[in-house]
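Asks: I'd like to ask you about the structure that follows.
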2 protein chains.
Amino acid sequence: MSDPRKNTRDIFPPTGSEITAKSWMTEAPMRMMMNNLHPDVAENPHELVVYGGIGRAARTWKDFDLIVETLKNLEEDQTLMVQSGKPVGVFQTHKDAPRVLIANSNLVPHWANWDHFNELDKKGLMMYGQMTAGSWIYIGTQGIVQGTYETFAEAGRQHFGGDLTGKWILTGGLGGMGGAQPLAAVFAGACCLAVECNPDSIDFRLRTKYLDEKAETLDEALEMIERWTAAGEAKSVGLLGNAADVFAELVERARAGGVKPDIVTDQTSAHDPVNGYLPQGWTMAQWKEKRETDPKAVEKAARASMREQVAAMCEFHAMGIPTVDYGNNIRQMALEEGLENAFDFPGFVPAYIRPLFCKGIGPFRWCALSGDPEDIRKTDAKMKELFPENEGLHRWLDMAQERIAFQGLPARICWIGLGDRHKAGLAFNEMVRNGELSAPVVIGRDHLDSGSVASPNRETEAMMDGSDAVSDWPLLNALLNTASGATWVSLHHGGGVGMGFSQHSGVVICCDGSDDAERRIGRVLWNDPATGVMRHADAGYDIAKDCAREHGLNLPGIL
Amino acid sequence: MSDPRKNTRDIFPPTGSEITAKSWMTEAPMRMMMNNLHPDVAENPHELVVYGGIGRAARTWKDFDLIVETLKNLEEDQTLMVQSGKPVGVFQTHKDAPRVLIANSNLVPHWANWDHFNELDKKGLMMYGQMTAGSWIYIGTQGIVQGTYETFAEAGRQHFGGDLTGKWILTGGLGGMGGAQPLAAVFAGACCLAVECNPDSIDFRLRTKYLDEKAETLDEALEMIERWTAAGEAKSVGLLGNAADVFAELVERARAGGVKPDIVTDQTSAHDPVNGYLPQGWTMAQWKEKRETDPKAVEKAARASMREQVAAMCEFHAMGIPTVDYGNNIRQMALEEGLENAFDFPGFVPAYIRPLFCKGIGPFRWCALSGDPEDIRKTDAKMKELFPENEGLHRWLDMAQERIAFQGLPARICWIGLGDRHKAGLAFNEMVRNGELSAPVVIGRDHLDSGSVASPNRETEAMMDGSDAVSDWPLLNALLNTASGATWVSLHHGGGVGMGFSQHSGVVICCDGSDDAERRIGRVLWNDPATGVMRHADAGYDIAKDCAREHGLNLPGIL
Ligand SMILES: NC(=O)c1ccc[n+]([C@@H]2O[C@H](COP(=O)([O-])OP(=O)(O)OC[C@H]3O[C@@H](n4cnc5c(N)ncnc54)[C@H](O)[C@@H]3O)[C@@H](O)[C@H]2O)c1
Ligand SMILES: NC(=O)c1ccc[n+]([C@@H]2O[C@H](COP(=O)([O-])OP(=O)(O)OC[C@H]3O[C@@H](n4cnc5c(N)ncnc54)[C@H](O)[C@@H]3O)[C@@H](O)[C@H]2O)c1
């Protein structure tokens, strides 16, 4: 029997202003699911894998086809239900209800671990949705560039007086998300040495201009870093190797008086010990084969190597070098392997991102369904016009226009928050209505956002009131987005940090230029970030309370 | 500082056809939350406890008051968000959206255990919502009577040729749910001996006519049972004692040739080892005190006693006596205490209930907001008229009218499924419209229902395809009910079987006689049971697939 998940088809979303579905409200999710599997977007589209280990867009190829077919026939008052990447039902709802409702990878807590998930996955009963893979709003590596840039820039402000010239960042992983690191570092003014074990990933980042150079040996890579930092140039190099080996080696050298990185982090797919992390001493081919034949052995070896890598990171931290977990749960894995001080260094959210979340600011993004880059250029201009005083946003848009190669349908990411998101949405809807844009756009965000996630080792690490693990919040977020009229809404488990460690929700809304869409956009793009402000205000953050007051939020039990 | 959860106020919902909120759509959740705390409804209303261990209606008394106040002022296009019993936000939505969205007790899986919950609960950050306590559709013990009756009747059919005359059922627990057991047994034609450690609970059941007699000693109770069974009379006795002691003692006697029960089950609150189960050898007073001062010690002792009780139940099972777990997770507790064969006897769902779930049949219920019992009498008559051929339903309604004392707002429960629920709802809405009923009614169901729960030790135990732990389904159910226009929707964790073991959703819709309500009722009361049929069809049950075909459900990846 052939594997229902493997195929050699190349998927390209339709482009242009003609639709084959019955309305843009159903054409939009169809194009966006296809876009997630676009050869320039997905990490391994032939196996339906979009990014983040085994984050998929559909459970099987049959399910993919059925979703497309169902969306094409869906009426404007019907709703498609998707259960872990499988289309399971079409129900009568109403025009203001979402057209698609999605639940991916959710497991009753006592069984919410990789072992049980893998068992179900193998039986064809589940799919890992990661965050934006299964909720159809992944937009390629760009999606993460700005967040990573904001993080590095904030680290620069906190530790280096705002100037990263001559500094270098050590990291691991150049996958779908991690691949953004070198470019973001360069944007922030720093050099970057990224250790990646897969030569294809390195070449992918070179080709898409996220990475400047590659190296086969540590000496070669360090020679470049030394040259660039000395010259005050911000450039990046991808080093072929195992991050556990290289991090440990660099600790040795630093101890011996050698060169030291200025910032240390990591974005290997440590959240998934079977599929996401190459064990030390293994070749890529061995790894691939053993994942099929003996996943337990892979997991054991991978966990042991992660422990090595985190031990090295703890050493850097002890040397006074700013070191952060970049949201892949690698500290938890090392802790479970017996490394007691694994949580010595913080996660990136409490370290750098939480103040933004308190204002509902997070990875807002939009995508031109036309496929026309000109549409994004026009929305970029509109953003500058809407927010003339926001310098950071202007600088970001300039850099992005210059350096970011589109992947698949042209898209833009721009971290903005409550009070700004709905303005952008309404303006874009107006541009669709008056023909400035050649087709509708969709607006969404990552699940890593202000009000949409409970993830105690990442987004909700070290909350002020200790409510890290309370997941009522993302569930309420999904229910409210559904009630507000988003075009599709999703509820996922295990994204970012793996099974058992997170619950989160996604939302996308289509701006088709209609009055109906206008009303929905006004509600959804206000309410969605407002839930984040609410959640952080409830936890006691003054920034969030002030933001809520300033925007007149009605938070009965909180304000 | 006074305990924000303790008070001496008595809460009575307003009755009659005048409202103080801005519409019935907000008056309804307000009355129903209050009704959950009605002195005749709740187990411990002064501490906000409705039923099922510590299942609450609101987090604190301050939150209760704030919810009431907020609902009174809520507009018909606004939505109130409730997070673990606390009103946290009011947002702009639209008329067809729910007026209240609720998430209770949800925790990220890795932290989803009683220890972490209790820590948060103590800090005032959480509330246990059980199933219908925190979702405001508990209707007193009646809510469970019919389900228990259906279960005992099915056991009678499977094991005793449909005739339970002269048979007796041994069980434990006469709390909010468990208190239905003696009456349900009598309805099914059997006698019942229920062991209960709290004299107040016994008296409560006597007073509300759920129980016929009480006894202080086992001999006294057995004497009654022998007399009644010999005479072919169906009557019930509540025995004051500890179920673990009594079950073990009865095993001894049975081994020694003494009397044997014909069916064995239990409904102590074993799902909550700190608050729900009296350890052997402890007095009620000791238990109460230790729960405050040393909850860990209570838990340890309670778990050890549960092990004893389950060991006795396994013995009965081994003697060939039909023995079932009645959904309180007591087998899991015993297993964790080292009783390896704890799961020898089945849960009641796979044993007796699943075939009903396959047709979307479950504990449907409605409540007269007028407070007038006459309104329920009229709906009872309407049900008979709507379903003239359903003999079981007619028999049930007759018994219920005769024997069930209303608690709080008059209500009725009636297990019906896909294709019937929306008919009842539309008919009731019509009766409100034309003035037959004196005020609107609300319609809801337990979270223990066909499409609304994932609970591998109870509702989804031993699913045909092994998908017991997949919780995408209840999440989709809640999203779809929100999209369909239910009046309030809830998502809970840990109901019935305790923290870590279940995820489930609730739904209530208000029939105010309007055209808008008619459209919403048509959607919600069709879609909600349809998700149950879908879930069971996906798992491979033929009954569900046939039911889906018969009702023309559109299930793309399934049929
Ligand atoms: N912080 C954030 O904002 C954020 C956002 C998304 C994802 N993440 C997390 O970051 C991680 C990476 O995400 P991704 O989408 O890039 O995943 P991915 O699976 O696409 O990429 C991971 C990369 O790591 C490489 N790798 C694996 N083991 C290695 C080793 N031992 N040494 C060197 N390289 C190794 C792989 O070859 C691959 O290229 C995930 O855990 C994800 O959950 C973080
Ligand atoms: N099967 C179902 O349909 C269903 C439905 C709802 C609830 N339940 C489960 O049934 C259990 C009972 O629910 P409830 O609402 O009646 O709870 P409850 O807390 O109101 O009542 C439990 C009763 O058990 C008694 N009790 C505790 N320990 C005892 C012991 N050792 N010996 C004798 N009596 C003891 C208590 O005094 C109390 O009266 C819960 O675990 C609940 O989750 C099952």
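Labeling convention for the structure tokens: chains A, B, ... as they appear, residues from 1 per chain, ligands from 1 in order of appearance.
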Based on only C-alpha atoms, which of the residues in chain A come within 6 Å of chain B? I want them as a ChimeraX atom specification.
Replies: /A:87-90,93,97,103,106-110,469-472,483-484,500-502,554-557
Asks: Go through range 141-188 of chain A and collect every residue that DSSP, computed from the backbone, puts in strand (DSSP E or B); the answer should be as a short mmCIF file (atom, residue, chain, number, x, y, z; two decimals) with all heavy atoms, in the first residue's frame.
Replies:
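What landed in part_27.cif:
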data_model
loop_
_atom_site.label_atom_id
_atom_site.label_comp_id
_atom_site.auth_asym_id
_atom_site.auth_seq_id
_atom_site.Cartn_x
_atom_site.Cartn_y
_atom_site.Cartn_z
N TRP A 168 28.25 39.19 17.45
CA TRP A 168 27.73 38.03 16.70
C TRP A 168 26.89 37.10 17.55
O TRP A 168 27.09 36.97 18.74
CB TRP A 168 28.84 37.28 15.96
CG TRP A 168 29.85 36.58 16.81
CD1 TRP A 168 30.87 37.16 17.50
CD2 TRP A 168 29.97 35.16 17.03
NE1 TRP A 168 31.63 36.20 18.14
CE2 TRP A 168 31.10 34.96 17.86
CE3 TRP A 168 29.23 34.05 16.59
CZ2 TRP A 168 31.50 33.69 18.26
CZ3 TRP A 168 29.64 32.78 16.99
CH2 TRP A 168 30.77 32.61 17.83
N ILE A 169 25.92 36.52 16.86
CA ILE A 169 24.93 35.65 17.51
C ILE A 169 25.21 34.21 17.11
O ILE A 169 25.35 33.91 15.91
CB ILE A 169 23.51 36.05 17.06
CG1 ILE A 169 23.21 37.50 17.52
CG2 ILE A 169 22.47 35.07 17.60
CD1 ILE A 169 21.93 38.09 16.93
N LEU A 170 25.28 33.34 18.10
CA LEU A 170 25.43 31.90 17.82
C LEU A 170 24.07 31.24 17.95
O LEU A 170 23.37 31.42 18.95
CB LEU A 170 26.39 31.27 18.83
CG LEU A 170 26.45 29.73 18.80
CD1 LEU A 170 27.08 29.22 17.51
CD2 LEU A 170 27.20 29.19 20.02
N THR A 171 23.71 30.45 16.95
CA THR A 171 22.43 29.73 17.04
C THR A 171 22.50 28.41 16.29
O THR A 171 23.51 28.12 15.63
CB THR A 171 21.27 30.61 16.54
OG1 THR A 171 20.03 29.95 16.83
CG2 THR A 171 21.34 30.85 15.03
N GLY A 172 21.43 27.61 16.39
CA GLY A 172 21.32 26.36 15.65
C GLY A 172 20.02 26.32 14.88
O GLY A 172 19.05 26.97 15.29
#
Asks: Calculated over only C-alpha atoms, which of the candidates B:Cys358, B:Ala517, B:Met399, B:Leu418 has the smallest distance to Met464 in chain B?
Replies: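 Answer, going by the shortest atom-to-atom distance: B:Cys358.
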Asks: Produce as a ChimeraX atom specification the set of residues near ligand 2, where near means within 7 Å with only C-alpha atoms and all ligand atoms considered.
Replies: /B:43,51-53,144,147-148,172-179,195-198,201,241-244,267-271,276-280,326-329,448,495-497
Asks: As an MDAnalysis selection string, please: all residues of range 290-476 of chain A that backbone DSSP puts in alpha helix (DSSP H).
Replies: chainID A and resid 290:293 295:318 330:336 348 354:357 373:386 391:403 421:433 472:476
Asks: Please, what distance in Å, to one decimal, runs between CA of Met313 in chain B and CA of Gly162 in chain B?
Replies: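 Distance between the two atoms: 23.3 Å.
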Asks: Nearest residue to ligand 1 out of A:Asp77, A:Asp245, A:Asp344, A:Glu223, using only C-alpha atoms and all ligand atoms?
Replies: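 Checking each candidate against ligand 1, we get A:Asp245 as the closest.
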Asks: Would you pick out the contacts of range 11-21 of chain A at 9 Å or less, using only C-alpha atoms, so that residues sharing its chain but fewer than 5 positions from it are not included, and give the list as a short mmCIF file (atom, residue, chain, number, x, y, z; two decimals) with N, CA and C atoms, in the first residue's frame?
Replies:
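Written out: around.cif:
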data_model
loop_
_atom_site.label_atom_id
_atom_site.label_comp_id
_atom_site.auth_asym_id
_atom_site.auth_seq_id
_atom_site.Cartn_x
_atom_site.Cartn_y
_atom_site.Cartn_z
N THR A 26 -14.57 31.30 0.58
CA THR A 26 -14.15 29.90 0.55
C THR A 26 -12.94 29.72 -0.38
N GLU A 27 -12.83 30.60 -1.38
CA GLU A 27 -11.62 30.61 -2.22
C GLU A 27 -10.39 30.90 -1.35
N ALA A 28 -10.57 31.80 -0.38
CA ALA A 28 -9.45 32.24 0.46
C ALA A 28 -8.82 31.08 1.24
N MET A 30 -9.03 27.99 0.62
CA MET A 30 -8.48 27.03 -0.35
C MET A 30 -7.11 27.49 -0.85
N ARG A 31 -7.02 28.75 -1.28
CA ARG A 31 -5.72 29.24 -1.77
C ARG A 31 -4.66 29.20 -0.66
N MET A 32 -5.09 29.53 0.55
CA MET A 32 -4.10 29.60 1.63
C MET A 32 -3.62 28.21 2.05
N MET A 33 -4.51 27.21 2.03
CA MET A 33 -4.04 25.86 2.33
C MET A 33 -3.05 25.42 1.25
N MET A 34 -3.40 25.71 -0.02
CA MET A 34 -2.49 25.35 -1.11
C MET A 34 -1.17 26.09 -0.99
N ASN A 35 -1.26 27.36 -0.63
CA ASN A 35 -0.05 28.17 -0.49
C ASN A 35 0.88 27.60 0.57
N ASN A 36 0.28 27.04 1.64
CA ASN A 36 1.11 26.42 2.68
C ASN A 36 1.96 25.28 2.11
N LEU A 37 1.49 24.70 1.00
CA LEU A 37 2.22 23.57 0.39
C LEU A 37 2.96 23.97 -0.88
N HIS A 38 2.99 25.23 -1.20
CA HIS A 38 3.73 25.76 -2.35
C HIS A 38 5.20 25.32 -2.22
N PRO A 39 5.82 24.89 -3.31
CA PRO A 39 7.21 24.41 -3.21
C PRO A 39 8.17 25.45 -2.62
N PRO A 45 6.89 19.63 1.04
CA PRO A 45 5.49 19.63 0.59
C PRO A 45 5.01 18.28 0.08
N HIS A 46 5.91 17.45 -0.45
CA HIS A 46 5.45 16.16 -0.97
C HIS A 46 4.93 15.24 0.13
N GLU A 69 -12.02 20.21 -2.75
CA GLU A 69 -13.31 19.98 -3.41
C GLU A 69 -14.46 20.53 -2.56
N LEU A 71 -14.37 22.89 -0.25
CA LEU A 71 -14.36 24.36 -0.22
C LEU A 71 -14.92 24.93 -1.52
N LYS A 72 -14.63 24.27 -2.62
CA LYS A 72 -15.14 24.77 -3.91
C LYS A 72 -16.66 24.77 -3.95
N ASN A 73 -17.25 23.82 -3.24
CA ASN A 73 -18.71 23.70 -3.28
C ASN A 73 -19.43 24.32 -2.10
N LEU A 74 -18.67 24.84 -1.16
CA LEU A 74 -19.27 25.34 0.07
C LEU A 74 -20.07 26.61 -0.18
N LEU A 369 -4.10 37.46 -2.15
CA LEU A 369 -4.63 36.26 -2.83
C LEU A 369 -4.44 36.36 -4.33
N SER A 370 -4.23 37.56 -4.84
CA SER A 370 -3.99 37.76 -6.27
C SER A 370 -2.71 37.09 -6.73
N GLY A 371 -1.76 36.96 -5.81
CA GLY A 371 -0.43 36.49 -6.19
C GLY A 371 0.44 37.63 -6.73
N ASP A 372 -0.07 38.83 -6.73
CA ASP A 372 0.63 39.95 -7.35
C ASP A 372 1.43 40.72 -6.29
N GLY A 408 5.82 31.90 -2.38
CA GLY A 408 4.41 31.64 -2.64
C GLY A 408 3.64 32.93 -2.80
N LEU A 409 2.41 32.96 -2.36
CA LEU A 409 1.62 34.18 -2.46
C LEU A 409 2.31 35.31 -1.68
N SER A 438 -5.73 44.12 -6.62
CA SER A 438 -6.30 43.39 -7.75
C SER A 438 -7.18 42.22 -7.30
N ALA A 439 -7.13 41.86 -6.03
CA ALA A 439 -7.98 40.78 -5.50
C ALA A 439 -8.01 40.92 -3.98
N PRO A 440 -8.89 40.19 -3.30
CA PRO A 440 -8.93 40.24 -1.84
C PRO A 440 -7.60 39.85 -1.18
#
Asks: Can you pull out the residues contacting Val432 in chain A? Cut-off 10 Å, using only C-alpha atoms, and skip same-chain residues under 2 positions away; I want them as a ChimeraX atom specification.
Replies: /A:375,426-430,434-441,511-514
Asks: How far is it from CA of Ala548 in chain A to CA of Gly417 in chain A, in Å with one decimal?
Replies: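 Atom-to-atom, CA of Ala548 in chain A and CA of Gly417 in chain A are spaced 11.8 Å apart.
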Asks: Find the residues around range 294-296 of chain B up to 10 Å (only C-alpha atoms counted), leave out those fewer than 5 positions away in its own chain, and share them as an mmCIF file with N, CA, C and O atoms, in the first residue's frame.
Replies:
data_model
loop_
_atom_site.group_PDB
_atom_site.id
_atom_site.type_symbol
_atom_site.label_atom_id
_atom_site.label_comp_id
_atom_site.auth_asym_id
_atom_site.auth_seq_id
_atom_site.Cartn_x
_atom_site.Cartn_y
_atom_site.Cartn_z
ATOM 1 N N ASP B 115 -2.929 18.629 41.555
ATOM 2 C CA ASP B 115 -1.980 19.425 42.334
ATOM 3 C C ASP B 115 -1.860 20.833 41.784
ATOM 4 O O ASP B 115 -1.965 21.810 42.508
ATOM 5 N N ASN B 118 -5.173 22.735 42.126
ATOM 6 C CA ASN B 118 -5.455 23.181 43.489
ATOM 7 C C ASN B 118 -4.601 24.386 43.883
ATOM 8 O O ASN B 118 -5.067 25.295 44.574
ATOM 9 N N PRO B 273 -9.852 13.185 44.532
ATOM 10 C CA PRO B 273 -9.424 12.481 45.751
ATOM 11 C C PRO B 273 -9.255 13.386 46.965
ATOM 12 O O PRO B 273 -9.270 12.892 48.084
ATOM 13 N N VAL B 274 -9.131 14.689 46.756
ATOM 14 C CA VAL B 274 -9.009 15.558 47.932
ATOM 15 C C VAL B 274 -10.382 15.917 48.502
ATOM 16 O O VAL B 274 -10.581 15.922 49.716
ATOM 17 N N ASN B 275 -11.327 16.208 47.623
ATOM 18 C CA ASN B 275 -12.602 16.727 48.100
ATOM 19 C C ASN B 275 -13.781 15.773 47.963
ATOM 20 O O ASN B 275 -14.868 16.084 48.436
ATOM 21 N N TRP B 287 -12.579 14.689 58.138
ATOM 22 C CA TRP B 287 -12.361 14.832 56.695
ATOM 23 C C TRP B 287 -12.408 16.312 56.323
ATOM 24 O O TRP B 287 -11.528 16.840 55.657
ATOM 25 N N LYS B 288 -13.466 16.970 56.780
ATOM 26 C CA LYS B 288 -13.662 18.371 56.465
ATOM 27 C C LYS B 288 -12.473 19.212 56.930
ATOM 28 O O LYS B 288 -11.948 20.049 56.197
ATOM 29 N N GLU B 289 -12.034 18.934 58.145
ATOM 30 C CA GLU B 289 -10.965 19.734 58.705
ATOM 31 C C GLU B 289 -9.645 19.480 57.959
ATOM 32 O O GLU B 289 -8.947 20.404 57.561
ATOM 33 N N ALA B 301 -5.000 8.981 51.866
ATOM 34 C CA ALA B 301 -5.915 8.057 52.538
ATOM 35 C C ALA B 301 -7.106 7.720 51.640
ATOM 36 O O ALA B 301 -7.536 6.563 51.557
ATOM 37 N N ALA B 302 -7.623 8.729 50.926
ATOM 38 C CA ALA B 302 -8.776 8.488 50.059
ATOM 39 C C ALA B 302 -8.418 7.510 48.948
ATOM 40 O O ALA B 302 -9.160 6.573 48.646
#
Asks: Which one of A:Ser236, A:Ser505, A:Thr379, A:Asn457 sits closest to ligand 1 if you count only C-alpha atoms and all ligand atoms?
Replies: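 Once distances to ligand 1 are computed over only C-alpha atoms and all ligand atoms, the minimum belongs to A:Asn457.
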Asks: Of the residues A:Met224, A:Ile521, A:Ala256, A:Ala304, which is the one nearest to ligand 1, using only C-alpha atoms and all ligand atoms?
Replies: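 The shortest atom-to-atom distance to ligand 1 comes from A:Ala304.
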Asks: Given only C-alpha atoms as the basis, pick out the residue of B:Arg412, B:His394, B:Lys167, B:Lys359 nearest to Arg377 in chain B.
Replies: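 The answer is B:Arg412, which sits nearest to Arg377 in chain B.
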Asks: What separation in Å, quoted to one decimal, exists between CA of Ala231 in chain B and CA of Thr208 in chain B?
Replies: 25.0 Å
